[in-house]
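Have a look at structure34.cif; it's mmCIF, C-alpha atoms:
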data_start
loop_
_atom_site.group_PDB
_atom_site.id
_atom_site.type_symbol
_atom_site.label_atom_id
_atom_site.label_comp_id
_atom_site.auth_asym_id
_atom_site.auth_seq_id
_atom_site.Cartn_x
_atom_site.Cartn_y
_atom_site.Cartn_z
ATOM 1 C CA LEU J 1 125.003 149.487 108.142
ATOM 2 C CA CYS J 2 126.670 151.307 105.249
ATOM 3 C CA ILE J 3 128.601 153.497 107.706
ATOM 4 C CA VAL J 4 129.834 150.443 109.639
ATOM 5 C CA PHE J 5 130.875 148.667 106.409
ATOM 6 C CA SER J 6 132.676 151.790 105.171
ATOM 7 C CA ALA J 7 134.536 152.127 108.467
ATOM 8 C CA VAL J 8 135.634 148.485 108.323
ATOM 9 C CA VAL J 9 136.897 148.893 104.749
ATOM 10 C CA LEU J 10 138.647 152.198 105.456
ATOM 11 C CA PHE J 11 140.381 151.068 108.635
ATOM 12 C CA SER J 12 141.248 147.485 107.664
ATOM 13 C CA PRO J 13 144.934 146.942 107.001
ATOM 14 C CA ALA J 14 145.843 146.758 103.330
ATOM 15 C CA PRO J 15 146.975 143.326 102.218
ATOM 16 C CA SER J 16 150.739 142.908 102.069
ATOM 17 C CA SER J 17 152.082 142.755 98.556
ATOM 18 C CA ALA J 18 153.902 139.651 97.449
ATOM 19 C CA TYR J 19 157.550 139.751 96.572
ATOM 20 C CA LEU J 20 159.099 137.932 93.639
ATOM 21 C CA ILE J 21 162.585 136.416 93.512
ATOM 22 C CA ASN J 22 163.792 135.613 90.010
ATOM 23 C CA PHE J 23 167.391 134.782 91.113
ATOM 24 C CA GLU J 24 169.016 136.917 88.401
ATOM 25 C CA SER J 25 170.967 138.820 91.090
ATOM 26 C CA VAL J 26 173.037 135.698 91.895
ATOM 27 C CA SER J 27 174.056 134.787 88.368
ATOM 28 C CA ASP J 28 176.789 132.171 88.078
ATOM 29 C CA ASN J 29 179.589 133.548 85.903
ATOM 30 C CA ILE J 30 182.192 130.828 86.431
ATOM 31 C CA GLY J 31 180.169 127.678 85.776
ATOM 32 C CA LEU J 32 180.296 126.065 89.212
ATOM 33 C CA GLY J 33 177.064 127.412 90.647
ATOM 34 C CA VAL J 34 176.785 129.948 93.459
ATOM 35 C CA PRO J 35 175.569 128.814 96.895
ATOM 36 C CA VAL J 36 172.417 130.706 97.875
ATOM 37 C CA THR J 37 172.011 131.308 101.594
ATOM 38 C CA HIS J 38 171.589 134.903 102.792
ATOM 39 C CA GLN J 39 171.413 136.780 99.452
ATOM 40 C CA PHE J 40 167.750 137.550 100.136
ATOM 41 C CA SER J 41 168.125 138.609 103.760
ATOM 42 C CA ALA J 42 166.554 141.977 102.928
ATOM 43 C CA LEU J 43 163.352 139.957 102.404
ATOM 44 C CA GLN J 44 164.187 138.014 105.576
ATOM 45 C CA ILE J 45 164.535 134.694 103.718
ATOM 46 C CA THR J 46 167.356 132.208 104.252
ATOM 47 C CA PHE J 47 167.943 129.355 101.814
ATOM 48 C CA GLU J 48 169.497 126.002 102.720
ATOM 49 C CA ASN J 49 170.886 123.551 100.145
ATOM 50 C CA ALA J 50 170.302 125.930 97.238
ATOM 51 C CA THR J 51 172.681 126.731 94.385
ATOM 52 C CA ALA J 52 172.137 129.376 91.713
ATOM 53 C CA VAL J 53 172.848 128.024 88.232
ATOM 54 C CA THR J 54 172.726 129.977 84.988
ATOM 55 C CA ALA J 55 171.589 128.907 81.513
ATOM 56 C CA GLY J 56 174.463 128.433 79.103
ATOM 57 C CA ILE J 57 176.983 128.304 81.965
ATOM 58 C CA SER J 58 176.142 125.823 84.738
ATOM 59 C CA LEU J 59 172.513 124.944 83.906
ATOM 60 C CA ASN J 60 171.375 122.392 81.339
ATOM 61 C CA GLU J 61 168.681 124.727 80.058
ATOM 62 C CA LEU J 62 167.578 122.258 77.381
ATOM 63 C CA ASP J 63 166.206 119.902 80.053
ATOM 64 C CA PHE J 64 165.666 122.460 82.859
ATOM 65 C CA PRO J 65 164.676 125.722 81.123
ATOM 66 C CA PRO J 66 164.214 128.819 83.323
ATOM 67 C CA GLN J 67 160.692 130.236 83.653
ATOM 68 C CA SER J 68 162.171 133.711 83.093
ATOM 69 C CA GLY J 69 165.621 135.172 82.674
ATOM 70 C CA PHE J 70 168.684 132.928 82.833
ATOM 71 C CA THR J 71 169.229 131.961 86.485
ATOM 72 C CA VAL J 72 167.383 129.495 88.729
ATOM 73 C CA VAL J 73 168.162 127.786 92.030
ATOM 74 C CA SER J 74 168.739 124.060 92.210
ATOM 75 C CA ASN J 75 169.281 121.403 94.813
ATOM 76 C CA GLN J 76 171.812 119.836 92.403
ATOM 77 C CA GLY J 77 170.918 116.312 93.504
ATOM 78 C CA ASN J 78 171.633 117.024 97.166
ATOM 79 C CA GLY J 79 168.178 116.337 98.572
ATOM 80 C CA LEU J 80 165.813 118.671 100.355
ATOM 81 C CA MET J 81 165.960 122.469 99.896
ATOM 82 C CA ARG J 82 164.678 124.587 102.782
ATOM 83 C CA LEU J 83 163.524 128.214 102.909
ATOM 84 C CA LEU J 84 163.284 129.902 106.305
ATOM 85 C CA PHE J 85 161.168 133.041 106.748
ATOM 86 C CA ALA J 86 162.188 135.335 109.631
ATOM 87 C CA ASN J 87 158.809 137.037 109.189
ATOM 88 C CA PRO J 88 156.159 134.428 108.369
ATOM 89 C CA VAL J 89 154.412 134.456 105.000
ATOM 90 C CA THR J 90 150.887 133.430 104.050
ATOM 91 C CA ASP J 91 151.355 132.266 100.462
ATOM 92 C CA VAL J 92 154.274 130.695 98.585
ATOM 93 C CA SER J 93 154.569 129.905 94.901
ATOM 94 C CA GLY J 94 157.232 128.944 92.401
ATOM 95 C CA TYR J 95 157.891 127.371 89.027
ATOM 96 C CA PHE J 96 159.563 123.966 89.178
ATOM 97 C CA THR J 97 161.209 121.679 86.656
ATOM 98 C CA TYR J 98 162.123 118.330 88.180
ATOM 99 C CA SER J 99 163.151 114.715 87.757
ATOM 100 C CA THR J 100 162.059 112.791 90.843
ATOM 101 C CA PRO J 101 162.424 109.013 90.697
ATOM 102 C CA GLY J 102 160.727 108.755 94.098
ATOM 103 C CA GLY J 103 157.366 109.890 92.692
ATOM 104 C CA GLY J 104 157.081 113.663 92.535
ATOM 105 C CA LEU J 105 158.271 116.919 94.036
ATOM 106 C CA MET J 106 156.684 117.849 97.382
ATOM 107 C CA LEU J 107 156.378 121.273 99.018
ATOM 108 C CA SER J 108 155.606 121.297 102.739
ATOM 109 C CA ALA J 109 154.846 124.445 104.750
ATOM 110 C CA TYR J 110 155.435 124.639 108.521
ATOM 111 C CA ASP J 111 154.722 127.213 111.195
ATOM 112 C CA GLY J 112 157.293 128.519 113.674
ATOM 113 C CA SER J 113 156.840 125.543 116.013
ATOM 114 C CA GLY J 114 157.359 122.980 113.234
ATOM 115 C CA THR J 115 153.703 122.042 112.786
ATOM 116 C CA LEU J 116 152.803 121.057 109.223
ATOM 117 C CA LEU J 117 150.369 123.633 107.800
ATOM 118 C CA GLY J 118 149.936 122.299 104.283
ATOM 119 C CA ALA J 119 151.616 120.401 101.463
ATOM 120 C CA VAL J 120 151.354 120.008 97.718
ATOM 121 C CA THR J 121 152.850 117.429 95.353
ATOM 122 C CA SER J 122 153.751 117.920 91.705
ATOM 123 C CA ALA J 123 151.490 116.503 89.017
ATOM 124 C CA PHE J 124 154.254 114.321 87.555
ATOM 125 C CA ALA J 125 157.424 112.478 88.560
ATOM 126 C CA ASN J 126 159.414 114.098 85.732
ATOM 127 C CA ASN J 127 158.550 117.251 83.799
ATOM 128 C CA THR J 128 161.930 117.898 82.187
ATOM 129 C CA ALA J 129 161.963 119.013 78.568
ATOM 130 C CA ASP J 130 163.941 115.956 77.409
ATOM 131 C CA ILE J 131 162.525 112.641 76.185
ATOM 132 C CA PHE J 132 162.352 111.349 79.762
ATOM 133 C CA GLY J 133 159.658 113.823 80.817
ATOM 134 C CA ASP J 134 156.300 112.241 81.631
ATOM 135 C CA PRO J 135 153.669 112.332 78.859
ATOM 136 C CA ALA J 136 151.570 115.531 78.985
ATOM 137 C CA SER J 137 154.067 117.212 81.344
ATOM 138 C CA ALA J 138 155.830 120.495 80.648
ATOM 139 C CA PRO J 139 158.724 122.253 82.376
ATOM 140 C CA ASN J 140 158.052 125.013 84.907
ATOM 141 C CA GLU J 141 155.031 123.631 86.715
ATOM 142 C CA GLN J 142 153.665 126.188 89.149
ATOM 143 C CA LEU J 143 153.251 124.839 92.666
ATOM 144 C CA LYS J 144 151.792 126.909 95.475
ATOM 145 C CA ILE J 145 150.529 126.754 99.017
ATOM 146 C CA SER J 146 148.017 129.414 100.086
ATOM 147 C CA ASN J 147 145.966 130.428 103.094
ATOM 148 C CA VAL J 148 147.213 127.773 105.503
ATOM 149 C CA GLY J 149 148.466 130.111 108.237
ATOM 150 C CA ALA J 150 151.769 131.797 109.067
ATOM 151 C CA ILE J 151 154.446 129.887 107.125
ATOM 152 C CA ALA J 152 157.864 130.074 108.787
ATOM 153 C CA ARG J 153 159.543 127.261 106.838
ATOM 154 C CA LEU J 154 159.125 125.716 103.393
ATOM 155 C CA ASP J 155 160.679 122.334 102.581
ATOM 156 C CA ILE J 156 161.062 121.294 98.952
ATOM 157 C CA ASP J 157 161.632 117.532 98.746
ATOM 158 C CA PRO J 158 162.609 116.077 95.354
ATOM 159 C CA ASN J 159 162.212 112.446 96.527
ATOM 160 C CA GLY J 160 165.740 111.490 95.513
ATOM 161 C CA GLY J 161 165.927 113.619 92.370
ATOM 162 C CA ASP J 162 166.878 117.005 90.987
ATOM 163 C CA PHE J 163 164.867 120.168 90.539
ATOM 164 C CA VAL J 164 165.188 123.823 89.687
ATOM 165 C CA LEU J 165 163.069 126.658 91.076
ATOM 166 C CA ASP J 166 162.429 129.966 89.333
ATOM 167 C CA ASP J 167 160.236 133.000 89.994
ATOM 168 C CA PHE J 168 159.595 132.263 93.658
ATOM 169 C CA SER J 169 157.008 134.491 95.315
ATOM 170 C CA ALA J 170 155.718 134.856 98.847
ATOM 171 C CA THR J 171 153.231 137.135 100.563
ATOM 172 C CA PRO J 172 154.322 138.463 103.959
ATOM 173 C CA SER J 173 151.898 138.054 106.847
ATOM 174 C CA LEU J 174 150.272 141.223 108.080
ATOM 175 C CA ALA J 175 151.865 142.568 111.199
ATOM 176 C CA PRO J 176 149.408 143.125 114.029
ATOM 177 C CA VAL J 177 148.121 146.677 114.130
ATOM 178 C CA PRO J 178 148.182 148.299 117.582
ATOM 179 C CA GLU J 179 144.783 149.419 118.847
#
If you took the structure in this file and wrote it as structure tokens, what would it be?
Amino acid sequence: LCIVFSAVVLFSPAPSSAYLINFESVSDNIGLGVPVTHQFSALQITFENATAVTAGISLNELDFPPQSGFTVVSNQGNGLMRLLFANPVTDVSGYFTYSTPGGGLMLSAYDGSGTLLGAVTSAFANNTADIFGDPASAPNEQLKISNVGAIARLDIDPNGGDFVLDDFSATPSLAPVPE
């Protein structure tokens, strides 16, 4: 039994390590925001409806403070943000500051055929740092979806509001190992 267990441990594929995107590589230097689409193609991620904004330049960091560094991505009031994964991932996580008059920020994960795998909703409708933030809320709420299957698409729906995302991480799915 010990030999069988040892063989399983030794020959099992190592878990893939998560990657972290802090968005500092797309810093906005002119104050208009920088559209984010294929900047993370090396990680095989495409963003839709995402704009990089930088504290002190194009980001109101008093209300929407970054989790780390100076740059975050925002939907800038333009509705749903979508992340597409060319290679599916198993876990997604990020830090969100939001103002959602429709009742909270929602993350929804889908597989390659468009089937909903899992969803999570923020704890509040507004967690901005200004006086309009909900009581007991704080900026940069971590939201994550884990162990729901092979995630090919992530939709971030602000329910008619604004949000910023910082320190996004995802864990790539393990590729099948040939026998």
(message) Could you tell me, as number ranges by chain, exactly which residues end up selected when the PyMOL selection byres ((chain J and resi 29-46) around 8) is applied to this structure?
(response) J: 26-28, 47-54, 57-58, 73, 83-87
Neighbouring residues of Leu165 of chain J were defined as those with any atom within 6 Å, considering all atoms listed in the file; residues of the same chain fewer than 3 positions away were excluded. Please report them as a short mmCIF file (atom, residue, chain, number, x, y, z; two decimals) with C-alpha atoms, in the frame of the given file.
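Now in selection.cif:
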data_model
loop_
_atom_site.label_atom_id
_atom_site.label_comp_id
_atom_site.auth_asym_id
_atom_site.auth_seq_id
_atom_site.Cartn_x
_atom_site.Cartn_y
_atom_site.Cartn_z
CA VAL J 72 167.38 129.50 88.73
CA VAL J 73 168.16 127.79 92.03
CA TYR J 95 157.89 127.37 89.03
CA PHE J 96 159.56 123.97 89.18
#
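Going from atom CA of Pro66 of chain J over to atom CA of Leu105 of chain J, you cover 17.1 Å.
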(request) Report the distance between atom CA of Ala18 of chain J and atom CA of Ala125 of chain J in Å, rounded to one decimal place. (result) 28.8 Å
(message) Taking the file as I've supplied it (selection: the PyMOL selection byres ((chain J and resi 79) around 7)), which residues are included? Please answer as an NGL selection string.
(response) :J and (75 or 77-78 or 80-81 or 157-158 or 160)
(request) Check what the PyMOL selection byres ((chain J and resi 138-142) around 10) selects in the file above and give those residues as number ranges by chain. (result) J: 63-68, 93-98, 122-124, 126-130, 133-137, 143-144, 164-168
(message) So the first atom is atom CA of Ser74 of chain J and the second is atom CA of Gly112 of chain J; what is the distance between them in Å, to one decimal place?
(response)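 Computed distance, atom CA of Ser74 of chain J to atom CA of Gly112 of chain J, equals 24.7 Å.
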Using all atoms listed in the file, list the residues that have an atom at most 10 Å from (149.4, 134.5, 110.4), coordinates as in the file, as a compact mmCIF listing (two decimals) with C-alpha atoms, in the coordinates of the input.
# COMPACT_ATOMS: atom_id res chain seq x y z
CA ASN J 87 158.81 137.04 109.19
CA PRO J 88 156.16 134.43 108.37
CA VAL J 89 154.41 134.46 105.00
CA THR J 90 150.89 133.43 104.05
CA ASP J 111 154.72 127.21 111.20
CA ASN J 147 145.97 130.43 103.09
CA VAL J 148 147.21 127.77 105.50
CA GLY J 149 148.47 130.11 108.24
CA ALA J 150 151.77 131.80 109.07
CA ILE J 151 154.45 129.89 107.12
CA ALA J 152 157.86 130.07 108.79
CA PRO J 172 154.32 138.46 103.96
CA SER J 173 151.90 138.05 106.85
CA LEU J 174 150.27 141.22 108.08
CA ALA J 175 151.86 142.57 111.20
CA PRO J 176 149.41 143.12 114.03
(request) Find, counting only C-alpha atoms, the residue in J:Ile131, J:Ala55, J:Val92, J:Leu154 that gets nearest to Leu116 of chain J. (result) J:Leu154
